[in-house]
Structure formats: C-alpha cells, structure tokens
Amino acid sequence: MSYIDLKYRPPESDLVCNFYIEPERNISIRKAAEAVASESSTGTWAAVKTSKPYVSRLAARVFEIRKNHIKIAYPSGLFEPGNVPQILSSVAGNIFGMKLVRNLRLEDIDFPGPLMKSFSGPKFGIAGVRKIFGVRERPLLGTIVKPKIGLKTADHAKVAYDAWMGGCDIVKDDENLTDQKFNPFRKRVAQMLKMRDRAEKETGEKKAYLPNVTADTREMIERAGFVKEHGGRYVMVDILTCGWSGLQTLRNEELGLVLHAHRAMHAAMTRNPRHGISMLVMAKLARLVGVDQIHIGTIIGKMEGNKSEVEEIEEQIEKDIIQPDRENNALGEQWGKIKPVFAVCSGGLHPGLVPALFRMLGKDIIIQMGGGIHAHPQSTKAGALAARQAVEAVNAGITLKEQAKSHRELAEALKKWKTK
C-alpha cells in the first residue's frame, strides 16, 4: 500500500508530525517520506503474509510535502494513552537510522485531544508557582550554586543562603550534583532547607531550594519523598538522562512537589538543525507529562539556541495546549486541563542581559544566573542584589543605567560585564 496521500485531511483524532528530511543520493523525497511513514507505523521492508486487511486502517499518511519538509498523520489507535516512551518509539524510533535517509529531524508534534487528556500535565504551572512565592508580576530570579560540583555541604548551603538574602527566589543544584560523598543528598537537603527557612524569616519572602533527585526511578521517588518530609516544595530532575518513564513515574506519584525540568543532554538530539529532534518537541512532551518549569535556552547566553527557536518554545509552553487547524495552521481549540509551564532561562546570564530577556520573552520567565551572580566583584550576596535590582528596574520601566546610579551592586555588575 502507499503511505502517501496528498489529498488526505487529518481528522482531529490524528497525531501529526512535522519532519525535515534529506534523502540519500538518488532517492526521491517521496520515496524517503513514504519509507518514514511506513517504518513508523504499519510497514515492513518486505511484504509479509501475516498482515491483515484491518492493519491498513492504522497506516500513517504523508499528507504534505514542501521541499524538504513533510507532514505525517498517525491514527490515534497506534498509540498507548499516557505512554511517552511508546509514542516516541513509534514516531521517533527506527526512522533515524534508515539507509534511505541522510538526515531527518522531528521538528514538531501536534497531539490530538484524547491523547493529551491521558496525561496529567503540570500540577502547578505558572499560576501555581507564582502563588507559592506570592510574586504576581515580575520574573522569578534564581541561581545555581557555583562551583556546580565539588563544594562540601556546609559551604553549599552558605552560598545558597547568601543568594537568597540578596534577593534570589530560587536556588538549585546543577545537573551533575546528586549524592556524592563530598556532598551527600540527604545531608544537603536538610541543611539547605534549614537555611531556606532562615532566609524566609529574615527577608519576609518565600524562597525555594531545588534539589536534584535524578537517579534510578525507585531511588528518585525515595529522594523526592525525603524532600517532602523535610518541608521542601520543589525537586529538580534531569528529564532526558533519567528518561521519560522515570519522569512519568515521578509525576504520577502525586507528591505535591513542583517539578523543575533540567534538559541536560538535549543538544545531543536537538543541536543539529538537519537531524534529530527539536527542543520544541522535548518541551511539549515534558509539559504533557507534567513538569512545572523547564529550561528553554537564553538566545543571548553561553548555550546554543537561536532566537526564533527559543521564542517558539517559550510561546508554546506558556500557553494552554492548543490544537492547530491543520489546513491553515491557525490556532484553534484550547485544552484547559494542561496548565502553562514556566520557561527557565539559564546559561551565561548576568544582570546586564535582563532587559534583552524581557524584550524577547516577557515577564513569565524564571531568570537563572550562576556565574552572573557568584562572580560579582564583591560577593554572592552582592551579585544576587545586582540581579534583583536589574529585574525590578526593567519591570518598573527604568533603565539599568538609571537604576545603577543609586544601586552600587548593579553598578559594579554592569562595569564587570561591560554593559552600557
């Protein structure tokens, strides 16, 4: 059977994938596209006698080919509800290794309503996280303890305390700190939450510590339970290295903790613009599973990620899940159950970059500065003060230059990072 039908109009029940495709030499786009649709649904490389007539109803259909971009519709019956690993094994499984294809990139996925409803989505989302902090308008400000690995527990907690006292709302572990001998997980959580409570009492503001619980699934759940028992509100997970099944299991435990998604390892799949899987797809899947905030890149920081890509991810994860009208690509029906997610900007940021982040991404973001706080000429606390002063200035419509006239910490930061 043919897997190409350019007259096909996908019903609302279909899952639709957008691919960028480059066939191997002497292979047509049509042949390569058909091979992708076949391999990712009901086809095999040779005709088999075990197939039945009803199988054809589950075949994927290539319904659009525009130069190197194709769209494939998949009947929802191909997928197990609430199972991200199975969905990815279908639409992003063997296809990347096919000999007919030189390069292939999964650019986007549109999920049908019933499939979306089989997922929990975020427990808190933007509104819930803002309620925890009592911060309604400005971006939230966070930092990563630096150096990100190697500090002993007491020093780790002292850095966090100074950052909270300077004005950070959030302090988090980095992606490769879990339960090493120099800084054991349970000891660190207990001390960090003690310092958090002290900072809350002294500042009158709500503060959060994001411990990295990444581990095998059983241990990860135990660690999250330990955090909750000791009064924590958050956990952080390296969602790609721990895997989609581990993330789903943690979310489905319903521990009542905010889930912060770190995207460590994503660039192995997302960086090549001609092959792999886009960060937009990763972010959508993480949102369906139920993370409350996720790293999206910075456009202007140290990490790769172009402006249009980061803005598209931020726009998608902050809005209610929407179902595009597949004929004109206009926005259509909204799915209110799936809450919007906080976009986290992190990687090479400092106070002087805050205005650009506001212009490009708006107020509903979490700005995380690591070295941009801890490398301040005076101290971590001064660095946090400078970052908070920058956020509050831009939020109030004041230039950083004007704010710096009466805020010494910001002035020092702008001088260090040569910000005009």
# chains A, B, ... in the order shown; residues from 1 in each chain; ligands from 1
call {"tool": "residues_around", "arguments": {"residues": "Pro211 (chain A)", "least_positions_apart": "2", "cutoff": "6 Å", "atoms": "only C-alpha atoms", "output": "JSON, numbers by chain"}}
result
{"A": [173, 235, 236]}
call {"tool": "residues_around", "arguments": {"residues": "Asn176 (chain A)", "least_positions_apart": "4", "cutoff": "9 Å", "atoms": "only C-alpha atoms", "output": "compact mmCIF listing (two decimals) with N, CA and C atoms, in the first residue's frame"}}
result
# COMPACT_ATOMS: atom_id res chain seq x y z
N LYS A 148 29.50 24.31 40.49
CA LYS A 148 28.32 23.47 40.47
C LYS A 148 28.54 22.11 41.08
N ILE A 149 29.77 21.70 41.22
CA ILE A 149 30.06 20.41 41.83
C ILE A 149 31.40 20.51 42.57
N ASN A 212 18.44 18.20 43.22
CA ASN A 212 18.44 17.30 42.06
C ASN A 212 18.23 15.87 42.54
N THR A 214 17.68 13.27 40.51
CA THR A 214 17.93 12.35 39.42
C THR A 214 18.68 11.09 39.87
N ASP A 238 16.76 15.77 35.91
CA ASP A 238 17.38 15.78 34.58
C ASP A 238 16.53 14.87 33.69
N ALA A 264 19.58 18.57 30.56
CA ALA A 264 20.93 18.04 30.30
C ALA A 264 20.89 16.94 29.25
call {"tool": "select_by_dssp", "arguments": {"residues": "region 21-143 of chain A", "states": "helix (DSSP H, G or I)", "output": "NGL selection string"}}
result
:A and (29-39 or 53-58 or 76-78 or 84-91 or 94-97 or 113-116 or 125-133)
call {"tool": "closest_residue", "arguments": {"among": "A:Pro75, A:Gly347, A:Gly290, A:Gly225", "to": "Leu247 (chain A)", "atoms": "only C-alpha atoms"}}
result
A:Gly290
call {"tool": "select_by_dssp", "arguments": {"residues": "region 129-206 of chain A", "states": "strand (DSSP E or B)", "output": "CSV table (one decimal) with C-alpha atoms, in the first residue's frame"}}
result
chain,number,residue,atom,x,y,z
A,140,LEU,CA,11.3,34.9,39.3
A,141,LEU,CA,15.0,35.1,40.0
A,142,GLY,CA,17.1,32.0,40.6
A,143,THR,CA,20.7,30.9,40.8
A,144,ILE,CA,22.7,27.7,40.6
A,170,ILE,CA,15.2,30.1,43.9
A,171,VAL,CA,18.5,28.3,44.5
A,172,LYS,CA,19.0,25.0,42.7
A,180,GLN,CA,28.3,12.2,46.0
A,183,ASN,CA,28.0,16.5,49.5
call {"tool": "closest_atom_pairs", "arguments": {"of": "region 248-308 of chain A", "to": "region 93-99 of chain A", "cutoff": "12 Å", "atoms": "only C-alpha atoms", "output": "Markdown table"}}
result
| residue | atom | partner | partner_atom | distance |
| --- | --- | --- | --- | --- |
| A:Met269 | CA | A:Phe96 | CA | 11.0 |
| A:Arg274 | CA | A:Phe96 | CA | 11.4 |
| A:His275 | CA | A:Phe96 | CA | 8.1 |
| A:Gly276 | CA | A:Phe96 | CA | 7.5 |
| A:Ile277 | CA | A:Phe96 | CA | 9.8 |
call {"tool": "write_last_selection", "arguments": {"atoms": "N, CA and C atoms", "output": "CSV table (one decimal), in the first residue's frame"}}
result
chain,number,residue,atom,x,y,z
A,269,MET,N,20.5,15.6,20.7
A,269,MET,CA,19.4,15.3,19.8
A,269,MET,C,18.9,16.6,19.2
A,274,ARG,N,19.4,19.8,11.1
A,274,ARG,CA,19.0,18.9,10.0
A,274,ARG,C,18.8,17.5,10.4
A,275,HIS,N,19.1,17.1,11.7
A,275,HIS,CA,18.9,15.8,12.1
A,275,HIS,C,18.6,15.7,13.6
A,276,GLY,N,17.8,14.8,14.0
A,276,GLY,CA,17.5,14.6,15.4
A,276,GLY,C,16.1,15.0,15.8
A,277,ILE,N,15.9,15.6,17.0
A,277,ILE,CA,14.6,16.0,17.5
A,277,ILE,C,14.7,17.4,18.0
call {"tool": "closest_residue", "arguments": {"among": "A:Val135, A:Leu15, A:Met192, A:Ile72", "to": "Ala163 (chain A)", "atoms": "only C-alpha atoms"}}
result
A:Met192
call {"tool": "closest_residue", "arguments": {"among": "A:Thr419, A:Asn103, A:Asn395, A:Ser406", "to": "Gly352 (chain A)", "atoms": "only C-alpha atoms"}}
result
A:Thr419
call {"tool": "residues_around", "arguments": {"residues": "region 367-376 of chain A", "least_positions_apart": "5", "cutoff": "10 Å", "atoms": "only C-alpha atoms", "output": "PDB file with N, CA and C atoms, in the first residue's frame"}}
result
ATOM      1  N   PRO A 139       9.426  38.579  36.712  1.00  0.00           N
ATOM      2  CA  PRO A 139      10.010  37.240  36.576  1.00  0.00           C
ATOM      3  C   PRO A 139      10.551  36.761  37.912  1.00  0.00           C
ATOM      4  N   LEU A 140      10.607  35.470  38.109  1.00  0.00           N
ATOM      5  CA  LEU A 140      11.276  34.925  39.277  1.00  0.00           C
ATOM      6  C   LEU A 140      12.771  34.905  39.012  1.00  0.00           C
ATOM      7  N   LEU A 141      13.548  35.043  40.073  1.00  0.00           N
ATOM      8  CA  LEU A 141      15.004  35.103  39.953  1.00  0.00           C
ATOM      9  C   LEU A 141      15.628  33.915  40.671  1.00  0.00           C
ATOM     10  N   GLY A 142      16.478  33.210  39.968  1.00  0.00           N
ATOM     11  CA  GLY A 142      17.120  32.044  40.555  1.00  0.00           C
ATOM     12  C   GLY A 142      18.611  32.020  40.313  1.00  0.00           C
ATOM     13  N   THR A 143      19.283  31.117  41.031  1.00  0.00           N
ATOM     14  CA  THR A 143      20.701  30.898  40.804  1.00  0.00           C
ATOM     15  C   THR A 143      21.019  29.423  40.973  1.00  0.00           C
ATOM     16  N   ILE A 144      22.171  29.037  40.464  1.00  0.00           N
ATOM     17  CA  ILE A 144      22.702  27.693  40.616  1.00  0.00           C
ATOM     18  C   ILE A 144      23.938  27.831  41.493  1.00  0.00           C
ATOM     19  N   VAL A 145      24.031  27.017  42.527  1.00  0.00           N
ATOM     20  CA  VAL A 145      25.211  27.092  43.375  1.00  0.00           C
ATOM     21  C   VAL A 145      26.450  26.815  42.527  1.00  0.00           C
ATOM     22  N   LYS A 146      27.446  27.701  42.631  1.00  0.00           N
ATOM     23  CA  LYS A 146      28.696  27.549  41.892  1.00  0.00           C
ATOM     24  C   LYS A 146      29.868  27.558  42.869  1.00  0.00           C
ATOM     25  N   PRO A 147      30.935  26.794  42.651  1.00  0.00           N
ATOM     26  CA  PRO A 147      31.052  25.830  41.559  1.00  0.00           C
ATOM     27  C   PRO A 147      29.957  24.780  41.647  1.00  0.00           C
ATOM     28  N   LYS A 148      29.503  24.313  40.489  1.00  0.00           N
ATOM     29  CA  LYS A 148      28.320  23.470  40.466  1.00  0.00           C
ATOM     30  C   LYS A 148      28.541  22.106  41.084  1.00  0.00           C
ATOM     31  N   VAL A 159      26.467  29.367  50.384  1.00  0.00           N
ATOM     32  CA  VAL A 159      26.291  30.063  49.111  1.00  0.00           C
ATOM     33  C   VAL A 159      24.807  30.296  48.845  1.00  0.00           C
ATOM     34  N   ASP A 162      23.371  33.117  51.082  1.00  0.00           N
ATOM     35  CA  ASP A 162      23.771  34.448  50.613  1.00  0.00           C
ATOM     36  C   ASP A 162      22.957  34.863  49.384  1.00  0.00           C
ATOM     37  N   ALA A 163      22.699  33.912  48.498  1.00  0.00           N
ATOM     38  CA  ALA A 163      21.917  34.225  47.296  1.00  0.00           C
ATOM     39  C   ALA A 163      20.477  34.579  47.661  1.00  0.00           C
ATOM     40  N   GLY A 166      20.308  38.007  49.133  1.00  0.00           N
ATOM     41  CA  GLY A 166      20.489  39.063  48.149  1.00  0.00           C
ATOM     42  C   GLY A 166      19.279  39.324  47.275  1.00  0.00           C
ATOM     43  N   CYS A 168      17.447  36.424  45.530  1.00  0.00           N
ATOM     44  CA  CYS A 168      17.017  35.287  44.709  1.00  0.00           C
ATOM     45  C   CYS A 168      15.783  34.630  45.316  1.00  0.00           C
ATOM     46  N   ASP A 169      14.867  34.243  44.471  1.00  0.00           N
ATOM     47  CA  ASP A 169      13.717  33.462  44.914  1.00  0.00           C
ATOM     48  C   ASP A 169      14.066  31.985  44.997  1.00  0.00           C
ATOM     49  N   ILE A 170      14.930  31.544  44.074  1.00  0.00           N
ATOM     50  CA  ILE A 170      15.210  30.122  43.871  1.00  0.00           C
ATOM     51  C   ILE A 170      16.714  29.873  43.908  1.00  0.00           C
ATOM     52  N   VAL A 171      17.099  28.802  44.569  1.00  0.00           N
ATOM     53  CA  VAL A 171      18.469  28.294  44.478  1.00  0.00           C
ATOM     54  C   VAL A 171      18.363  26.817  44.131  1.00  0.00           C
ATOM     55  N   LYS A 172      19.130  26.378  43.142  1.00  0.00           N
ATOM     56  CA  LYS A 172      19.018  24.988  42.728  1.00  0.00           C
ATOM     57  C   LYS A 172      20.373  24.306  42.594  1.00  0.00           C
ATOM     58  N   ASP A 174      22.929  21.846  40.402  1.00  0.00           N
ATOM     59  CA  ASP A 174      23.137  21.729  38.963  1.00  0.00           C
ATOM     60  C   ASP A 174      22.968  20.284  38.530  1.00  0.00           C
ATOM     61  N   HIS A 295      13.883  24.342  31.308  1.00  0.00           N
ATOM     62  CA  HIS A 295      14.906  25.140  30.636  1.00  0.00           C
ATOM     63  C   HIS A 295      14.595  25.218  29.140  1.00  0.00           C
ATOM     64  N   THR A 298      18.554  30.595  26.184  1.00  0.00           N
ATOM     65  CA  THR A 298      18.602  32.016  26.532  1.00  0.00           C
ATOM     66  C   THR A 298      18.726  32.945  25.338  1.00  0.00           C
ATOM     67  N   ALA A 343       8.882  29.024  31.708  1.00  0.00           N
ATOM     68  CA  ALA A 343      10.102  28.906  30.914  1.00  0.00           C
ATOM     69  C   ALA A 343      11.278  29.381  31.752  1.00  0.00           C
ATOM     70  N   VAL A 344      12.337  28.570  31.781  1.00  0.00           N
ATOM     71  CA  VAL A 344      13.526  28.884  32.571  1.00  0.00           C
ATOM     72  C   VAL A 344      14.664  29.267  31.634  1.00  0.00           C
ATOM     73  N   CYS A 345      15.207  30.474  31.822  1.00  0.00           N
ATOM     74  CA  CYS A 345      16.329  30.955  31.022  1.00  0.00           C
ATOM     75  C   CYS A 345      17.599  30.822  31.851  1.00  0.00           C
ATOM     76  N   SER A 346      18.571  30.097  31.339  1.00  0.00           N
ATOM     77  CA  SER A 346      19.771  29.836  32.117  1.00  0.00           C
ATOM     78  C   SER A 346      20.936  29.530  31.188  1.00  0.00           C
ATOM     79  N   GLY A 347      22.124  30.020  31.562  1.00  0.00           N
ATOM     80  CA  GLY A 347      23.321  29.717  30.788  1.00  0.00           C
ATOM     81  C   GLY A 347      24.033  30.973  30.313  1.00  0.00           C
ATOM     82  N   GLY A 348      25.018  31.441  31.069  1.00  0.00           N
ATOM     83  CA  GLY A 348      25.791  32.599  30.652  1.00  0.00           C
ATOM     84  C   GLY A 348      25.100  33.926  30.851  1.00  0.00           C
ATOM     85  N   LEU A 349      24.148  33.996  31.781  1.00  0.00           N
ATOM     86  CA  LEU A 349      23.414  35.241  32.001  1.00  0.00           C
ATOM     87  C   LEU A 349      24.057  36.077  33.112  1.00  0.00           C
ATOM     88  N   HIS A 350      23.873  37.391  33.018  1.00  0.00           N
ATOM     89  CA  HIS A 350      24.301  38.317  34.057  1.00  0.00           C
ATOM     90  C   HIS A 350      23.300  39.480  34.094  1.00  0.00           C
ATOM     91  N   PRO A 351      23.356  40.352  35.103  1.00  0.00           N
ATOM     92  CA  PRO A 351      22.340  41.406  35.235  1.00  0.00           C
ATOM     93  C   PRO A 351      22.177  42.293  34.004  1.00  0.00           C
ATOM     94  N   GLY A 352      23.260  42.526  33.269  1.00  0.00           N
ATOM     95  CA  GLY A 352      23.165  43.394  32.106  1.00  0.00           C
ATOM     96  C   GLY A 352      22.319  42.847  30.976  1.00  0.00           C
ATOM     97  N   LEU A 353      22.029  41.545  30.992  1.00  0.00           N
ATOM     98  CA  LEU A 353      21.236  40.922  29.936  1.00  0.00           C
ATOM     99  C   LEU A 353      19.738  40.886  30.234  1.00  0.00           C
ATOM    100  N   VAL A 354      19.349  41.332  31.419  1.00  0.00           N
ATOM    101  CA  VAL A 354      17.941  41.254  31.823  1.00  0.00           C
ATOM    102  C   VAL A 354      17.012  42.023  30.875  1.00  0.00           C
ATOM    103  N   LEU A 357      16.224  39.917  27.800  1.00  0.00           N
ATOM    104  CA  LEU A 357      15.331  38.793  28.094  1.00  0.00           C
ATOM    105  C   LEU A 357      13.887  39.260  28.200  1.00  0.00           C
ATOM    106  N   PHE A 358      13.659  40.391  28.862  1.00  0.00           N
ATOM    107  CA  PHE A 358      12.305  40.955  28.952  1.00  0.00           C
ATOM    108  C   PHE A 358      11.735  41.213  27.564  1.00  0.00           C
ATOM    109  N   LYS A 381      26.166  37.520  47.635  1.00  0.00           N
ATOM    110  CA  LYS A 381      25.020  38.334  48.045  1.00  0.00           C
ATOM    111  C   LYS A 381      24.920  39.595  47.199  1.00  0.00           C
ATOM    112  N   ALA A 382      26.047  40.232  46.945  1.00  0.00           N
ATOM    113  CA  ALA A 382      26.032  41.438  46.109  1.00  0.00           C
ATOM    114  C   ALA A 382      25.603  41.106  44.682  1.00  0.00           C
ATOM    115  N   GLY A 383      26.031  39.945  44.197  1.00  0.00           N
ATOM    116  CA  GLY A 383      25.622  39.528  42.864  1.00  0.00           C
ATOM    117  C   GLY A 383      24.123  39.303  42.776  1.00  0.00           C
ATOM    118  N   ALA A 384      23.554  38.698  43.825  1.00  0.00           N
ATOM    119  CA  ALA A 384      22.108  38.481  43.851  1.00  0.00           C
ATOM    120  C   ALA A 384      21.367  39.811  43.955  1.00  0.00           C
ATOM    121  N   LEU A 385      21.911  40.731  44.753  1.00  0.00           N
ATOM    122  CA  LEU A 385      21.305  42.064  44.842  1.00  0.00           C
ATOM    123  C   LEU A 385      21.307  42.742  43.483  1.00  0.00           C
ATOM    124  N   ALA A 386      22.415  42.657  42.773  1.00  0.00           N
ATOM    125  CA  ALA A 386      22.513  43.281  41.454  1.00  0.00           C
ATOM    126  C   ALA A 386      21.495  42.693  40.489  1.00  0.00           C
ATOM    127  N   ALA A 387      21.361  41.368  40.519  1.00  0.00           N
ATOM    128  CA  ALA A 387      20.404  40.709  39.626  1.00  0.00           C
ATOM    129  C   ALA A 387      18.983  41.135  39.951  1.00  0.00           C
ATOM    130  N   VAL A 391      16.227  43.175  37.585  1.00  0.00           N
ATOM    131  CA  VAL A 391      14.871  42.685  37.308  1.00  0.00           C
ATOM    132  C   VAL A 391      13.833  43.720  37.709  1.00  0.00           C
ATOM    133  N   GLU A 409      25.552  47.749  43.844  1.00  0.00           N
ATOM    134  CA  GLU A 409      25.787  46.372  43.401  1.00  0.00           C
ATOM    135  C   GLU A 409      25.536  46.222  41.905  1.00  0.00           C
ATOM    136  N   LEU A 410      24.468  46.837  41.424  1.00  0.00           N
ATOM    137  CA  LEU A 410      24.174  46.780  39.989  1.00  0.00           C
ATOM    138  C   LEU A 410      25.242  47.526  39.201  1.00  0.00           C
ATOM    139  N   GLU A 412      28.361  47.871  39.900  1.00  0.00           N
ATOM    140  CA  GLU A 412      29.552  47.019  39.832  1.00  0.00           C
ATOM    141  C   GLU A 412      29.370  45.893  38.808  1.00  0.00           C
ATOM    142  N   ALA A 413      28.170  45.328  38.780  1.00  0.00           N
ATOM    143  CA  ALA A 413      27.906  44.239  37.827  1.00  0.00           C
ATOM    144  C   ALA A 413      27.974  44.737  36.386  1.00  0.00           C
ATOM    145  N   LEU A 414      27.385  45.884  36.132  1.00  0.00           N
ATOM    146  CA  LEU A 414      27.404  46.439  34.780  1.00  0.00           C
ATOM    147  C   LEU A 414      28.830  46.773  34.343  1.00  0.00           C
ATOM    148  N   LYS A 416      31.586  45.186  35.470  1.00  0.00           N
ATOM    149  CA  LYS A 416      32.309  43.927  35.266  1.00  0.00           C
ATOM    150  C   LYS A 416      31.976  43.319  33.918  1.00  0.00           C
ATOM    151  N   TRP A 417      30.689  43.310  33.554  1.00  0.00           N
ATOM    152  CA  TRP A 417      30.283  42.667  32.301  1.00  0.00           C
ATOM    153  C   TRP A 417      30.169  43.659  31.141  1.00  0.00           C
TER     154      TRP A 417
END
call {"tool": "closest_residue", "arguments": {"among": "A:Ala356, A:Ala92, A:Val281, A:Ile27", "to": "Ser40 (chain A)", "atoms": "only C-alpha atoms"}}
result
A:Ala92
call {"tool": "residues_around", "arguments": {"residues": "Ala59 (chain A)", "least_positions_apart": "3", "cutoff": "12 Å", "atoms": "only C-alpha atoms", "output": "number ranges by chain"}}
result
A: 1-5, 14, 34-44, 53-56, 62, 72-78, 90
